[in-house]
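Undergrad: Handing over target.csv, CSV, C-alpha atoms and all ligand atoms.
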chain,number,residue,atom,x,y,z
A,3,MET,CA,-16.1,-0.1,-24.9
A,4,THR,CA,-13.3,-2.4,-23.8
A,5,SER,CA,-14.1,-4.7,-20.9
A,6,PHE,CA,-11.6,-5.9,-18.3
A,7,PRO,CA,-13.0,-9.1,-16.8
A,8,LEU,CA,-9.9,-9.9,-14.8
A,9,LEU,CA,-10.8,-7.9,-11.7
A,10,PHE,CA,-14.5,-8.8,-11.8
A,11,ASP,CA,-14.1,-12.5,-12.2
A,12,LEU,CA,-12.2,-12.8,-9.0
A,13,ALA,CA,-14.0,-13.7,-5.8
A,14,ARG,CA,-11.2,-12.0,-3.9
A,15,LYS,CA,-9.7,-8.6,-4.1
A,16,PRO,CA,-7.0,-8.3,-6.8
A,17,THR,CA,-3.3,-8.6,-6.0
A,18,THR,CA,-0.8,-6.0,-7.2
A,19,ARG,CA,0.0,-8.4,-10.0
A,20,ASP,CA,-3.6,-8.4,-11.1
A,21,ILE,CA,-3.6,-4.6,-10.9
A,22,ALA,CA,-0.5,-4.3,-13.0
A,23,LYS,CA,-1.9,-6.6,-15.6
A,24,ALA,CA,-5.3,-4.8,-15.8
A,25,VAL,CA,-3.6,-1.4,-16.0
A,26,ARG,CA,-1.2,-2.5,-18.7
A,27,HIS,CA,-4.1,-3.5,-20.9
A,28,GLY,CA,-6.6,-0.8,-20.1
A,29,GLY,CA,-4.9,2.0,-18.1
A,30,THR,CA,-6.3,3.0,-14.8
A,31,ALA,CA,-9.8,3.1,-16.4
A,32,ALA,CA,-9.7,-0.7,-16.0
A,33,LEU,CA,-9.8,-0.3,-12.2
A,34,THR,CA,-13.6,0.0,-12.2
A,35,GLU,CA,-13.8,-1.3,-8.6
A,36,ALA,CA,-11.7,1.6,-7.4
A,37,GLU,CA,-13.8,3.9,-5.3
A,38,ARG,CA,-13.7,7.6,-5.9
A,39,ARG,CA,-14.0,9.6,-2.8
A,40,ALA,CA,-14.6,13.2,-1.9
A,41,ASP,CA,-10.9,14.0,-2.4
A,42,GLN,CA,-11.3,12.9,-6.0
A,43,ALA,CA,-8.7,10.2,-5.6
A,44,ARG,CA,-9.6,6.6,-6.5
A,45,TYR,CA,-9.0,3.9,-3.9
A,46,GLN,CA,-8.5,0.3,-5.1
A,47,GLU,CA,-8.5,-2.3,-2.4
A,48,ILE,CA,-6.0,-5.1,-3.0
A,49,THR,CA,-5.1,-8.4,-1.4
A,50,CYS,CA,-1.5,-8.6,-0.1
A,51,ARG,CA,0.1,-12.0,0.2
A,52,SER,CA,2.7,-10.6,2.6
A,53,ALA,CA,2.8,-7.6,4.8
A,54,LEU,CA,6.5,-7.5,5.8
A,55,ASN,CA,8.8,-6.9,2.8
A,56,ARG,CA,12.4,-8.0,3.0
A,57,VAL,CA,14.8,-5.3,1.8
A,58,GLU,CA,18.6,-5.2,1.3
A,59,GLY,CA,21.2,-2.5,1.5
A,60,MET,CA,19.3,-0.4,4.1
A,61,PRO,CA,19.8,0.1,7.8
A,62,PHE,CA,16.8,-2.1,8.3
A,63,ASN,CA,15.8,-5.4,6.8
A,64,TRP,CA,12.0,-5.1,6.8
A,65,THR,CA,9.5,-2.6,5.5
A,66,LEU,CA,5.7,-2.3,5.9
A,67,ASN,CA,3.4,-0.1,3.8
A,68,PRO,CA,-0.4,-0.3,4.0
A,69,TYR,CA,-0.9,2.0,1.0
A,70,ARG,CA,0.7,2.5,-2.3
A,71,GLY,CA,0.5,5.9,-3.9
A,72,CYS,CA,-0.1,9.0,-1.7
A,73,THR,CA,-2.6,11.8,-2.1
A,74,HIS,CA,-0.2,14.3,-0.6
A,75,GLY,CA,1.5,14.3,-3.9
A,76,CYS,CA,4.7,16.0,-2.9
A,77,HIS,CA,6.5,16.8,-6.2
A,78,TYR,CA,9.9,15.6,-4.8
A,79,CYS,CA,8.6,12.3,-3.5
A,80,PHE,CA,11.1,9.5,-4.1
A,81,ALA,CA,8.2,6.9,-3.9
A,82,ARG,CA,6.6,8.2,-7.1
A,83,ARG,CA,8.8,5.8,-9.1
A,84,TYR,CA,7.3,2.8,-7.2
A,85,HIS,CA,4.0,3.4,-8.9
A,86,VAL,CA,5.5,2.3,-12.2
A,87,GLN,CA,5.7,-1.2,-10.8
A,88,PHE,CA,1.9,-1.2,-11.1
A,89,GLU,CA,2.0,0.1,-14.7
A,90,MET,CA,0.9,3.5,-13.5
A,91,ASN,CA,2.7,6.8,-14.0
A,92,ALA,CA,4.8,8.5,-11.4
A,93,GLY,CA,2.9,11.8,-11.9
A,94,ASP,CA,-0.8,12.3,-11.4
A,95,GLU,CA,-1.6,8.6,-10.9
A,96,PHE,CA,0.8,8.4,-8.0
A,97,ALA,CA,-1.4,10.9,-6.1
A,98,SER,CA,-4.8,10.0,-7.5
A,99,VAL,CA,-4.9,6.1,-7.7
A,100,ILE,CA,-4.2,4.7,-4.3
A,101,LEU,CA,-3.8,1.0,-3.6
A,102,VAL,CA,-5.2,-0.1,-0.2
A,103,LYS,CA,-3.9,-3.4,1.3
A,104,HIS,CA,-7.2,-4.2,2.9
A,105,ASN,CA,-6.0,-7.4,4.6
A,106,LEU,CA,-2.7,-6.1,5.8
A,107,VAL,CA,-3.3,-6.3,9.5
A,108,ASP,CA,-4.4,-10.0,9.3
A,109,VAL,CA,-1.4,-10.9,7.2
A,110,LEU,CA,0.9,-9.0,9.4
A,111,THR,CA,-0.4,-10.7,12.5
A,112,ARG,CA,0.2,-14.1,11.0
A,113,GLU,CA,3.7,-13.2,10.1
A,114,LEU,CA,4.5,-11.8,13.5
A,115,ASP,CA,3.1,-15.0,15.1
A,116,LYS,CA,5.4,-17.3,13.2
A,117,PRO,CA,8.0,-18.9,15.5
A,118,SER,CA,10.6,-18.0,12.9
A,119,TRP,CA,10.0,-14.2,13.3
A,120,THR,CA,13.0,-12.8,15.2
A,121,ARG,CA,11.5,-9.4,15.9
A,122,GLU,CA,13.9,-7.4,13.8
A,123,LEU,CA,13.3,-3.7,13.3
A,124,VAL,CA,10.5,-2.8,10.9
A,125,ALA,CA,10.6,0.4,8.9
A,126,PHE,CA,7.0,1.5,8.6
A,127,GLY,CA,5.9,3.9,5.8
A,128,THR,CA,8.9,3.8,3.5
A,129,ALA,CA,6.9,3.8,0.3
A,130,THR,CA,4.1,6.2,1.1
A,131,ASP,CA,2.7,8.1,4.0
A,132,PRO,CA,0.9,5.6,6.3
A,133,TYR,CA,-1.1,8.6,7.7
A,134,GLN,CA,-2.4,10.0,4.5
A,135,PRO,CA,-6.0,11.0,4.8
A,136,ILE,CA,-7.5,7.7,3.8
A,137,GLU,CA,-6.1,6.2,7.0
A,138,GLY,CA,-8.9,7.8,8.8
A,139,HIS,CA,-11.2,5.4,7.0
A,140,TYR,CA,-9.3,2.2,6.8
A,141,LYS,CA,-7.2,2.5,10.0
A,142,LEU,CA,-4.7,0.0,8.7
A,143,SER,CA,-1.7,1.8,10.2
A,144,ARG,CA,-3.4,1.9,13.5
A,145,GLY,CA,-4.1,-1.8,13.3
A,146,ALA,CA,-0.6,-2.6,12.2
A,147,ILE,CA,0.9,-0.7,15.1
A,148,GLN,CA,-1.3,-2.6,17.5
A,149,ALA,CA,-0.1,-5.9,15.8
A,150,LEU,CA,3.6,-4.9,16.0
A,151,THR,CA,3.2,-3.9,19.7
A,152,ARG,CA,1.4,-7.2,20.5
A,153,GLY,CA,4.2,-9.0,18.6
A,154,ARG,CA,6.9,-7.2,20.6
A,155,THR,CA,8.4,-6.0,17.3
A,156,PRO,CA,10.4,-2.7,17.2
A,157,PHE,CA,9.5,-0.3,14.4
A,158,GLY,CA,10.3,3.1,13.2
A,159,LEU,CA,7.5,5.1,11.4
A,160,ILE,CA,7.9,7.8,8.7
A,161,THR,CA,5.1,10.2,8.2
A,162,ARG,CA,4.6,13.7,6.8
A,163,ARG,CA,4.6,16.5,9.3
A,164,ALA,CA,1.7,18.9,9.4
A,165,ARG,CA,2.2,22.0,7.2
A,201,LIG,S1,3.8,12.6,2.1
A,201,LIG,FE1,5.6,11.4,1.8
A,201,LIG,S2,4.9,9.6,0.7
A,201,LIG,FE2,3.4,11.1,0.4
A,201,LIG,S3,3.9,12.2,-1.5
A,201,LIG,FE3,4.8,13.4,0.2
A,201,LIG,S4,6.9,12.5,0.4
A,201,LIG,FE4,5.7,11.1,-0.8
As structure tokens, what does this structure read like?

TA:
Amino acid sequence: MTSFPLLFDLARKPTTRDIAKAVRHGGTAALTEAERRADQARYQEITCRSALNRVEGMPFNWTLNPYRGCTHGCHYCFARRYHVQFEMNAGDEFASVILVKHNLVDVLTRELDKPSWTRELVAFGTATDPYQPIEGHYKLSRGAIQALTRGRTPFGLITRRAR
């Protein structure tokens, strides 16, 4: 059996770069730290270095996404293609291997506290649904909204409506 020491040798949670490297060499089977939950999806906690992502060519300049991948798995989802960045496929793995930015709220709080932050509009949930079911466990979206509110930063949030 092939071993993938990269994730296990780290004292910290892996970054997205670590994830991509591990998956490139061993597929998602290499994500042995990913926790399988009752919904059969696997959840891999990751460390994010930044919470706010600068974007161009959009009506907003900043995006914020606590999760990557989405268990709703809508077939038309434009965000599927983003999973390829992590060397995963845009099909089943988009809906069954979810990356969780466990430190997102702390990082976001630090970013919002910077004197250089000018409180521009933040688009929340542009890559995946911030209220997919796992949010009930991690509450990252809840914490991020609290941080944005404390930081007097305007935001717009995109989520899936109830069926
Ligand atoms: S709920 Fe939104 S992010 Fe999730 S799969 Fe559907 S369209 Fe994509």

Undergrad: Residues within 12 Å of ligand LIG 201 (chain A) should be enumerated using all atoms listed in the file and returned as an NGL selection string.

TA: :A and (67-85 or 92-98 or 100 or 126-136 or 159-165)

Undergrad: Quick one: residues within 8 Å of Pro16 in chain A, all atoms listed in the file, excluding same-chain residues fewer than 5 positions away - as a list in words?

TA: Leu9, Ile21, Glu47, Ile48 and Thr49 of chain A

Undergrad: Please report, as a Markdown table, each residue of range 66-133 of chain A lying at most 8 Å from range 150-156 of chain A, together with the nearest pair of atoms and the separation in Å rounded to one decimal; use only C-alpha atoms, and order rows by chain and ascending residue number.

TA:
| residue | atom | partner | partner_atom | distance |
| --- | --- | --- | --- | --- |
| A:Thr111 | CA | A:Gly153 | CA | 7.8 |
| A:Leu114 | CA | A:Gly153 | CA | 5.8 |
| A:Asp115 | CA | A:Gly153 | CA | 7.0 |
| A:Arg121 | CA | A:Thr155 | CA | 4.8 |
| A:Glu122 | CA | A:Thr155 | CA | 6.7 |
| A:Leu123 | CA | A:Pro156 | CA | 5.0 |
| A:Val124 | CA | A:Pro156 | CA | 6.3 |

Undergrad: Just checking: using all atoms listed in the file, which residue out of A:Leu106, A:Leu142, A:Ala125, A:Leu101 ends up closest to Glu35 in chain A?

TA: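 Selected residue with least distance to Glu35 in chain A: A:Leu101.
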
Undergrad: How many Å separate CA of Leu33 in chain A from CA of Arg14 in chain A?

TA: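 Spanning CA of Leu33 in chain A to CA of Arg14 in chain A is a straight-line distance of 14.4 Å.
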
Undergrad: Could you state the separation of CA of Ala13 in chain A and CA of Lys141 in chain A in Å, given to one decimal place?

TA: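 Taking CA of Ala13 in chain A and CA of Lys141 in chain A, their separation equals 23.6 Å.
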
Undergrad: Rounded to one decimal place, report the CA of Arg44 in chain A-CA of Val99 in chain A distance in Å.

TA: 4.9 Å

Undergrad: When distances are computed from only C-alpha atoms, which of A:Glu89, A:Glu113, A:Asp108, A:Glu137 shows the smallest separation from Val25 in chain A?

TA: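 Distance minimum relative to Val25 in chain A lands on A:Glu89.
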
Undergrad: Which residue gives the smallest distance to Ala43 in chain A among A:Thr17, A:Phe88, A:Thr30, A:Lys116, with all atoms listed in the file counted?

TA: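 Result for the nearest residue to Ala43 in chain A: A:Thr30.
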
Undergrad: Using all atoms listed in the file for the distances, tell me which of A:Gln87, A:Ala149, A:Arg112, A:Asn105 is nearest to Lys23 in chain A.

TA: A:Gln87
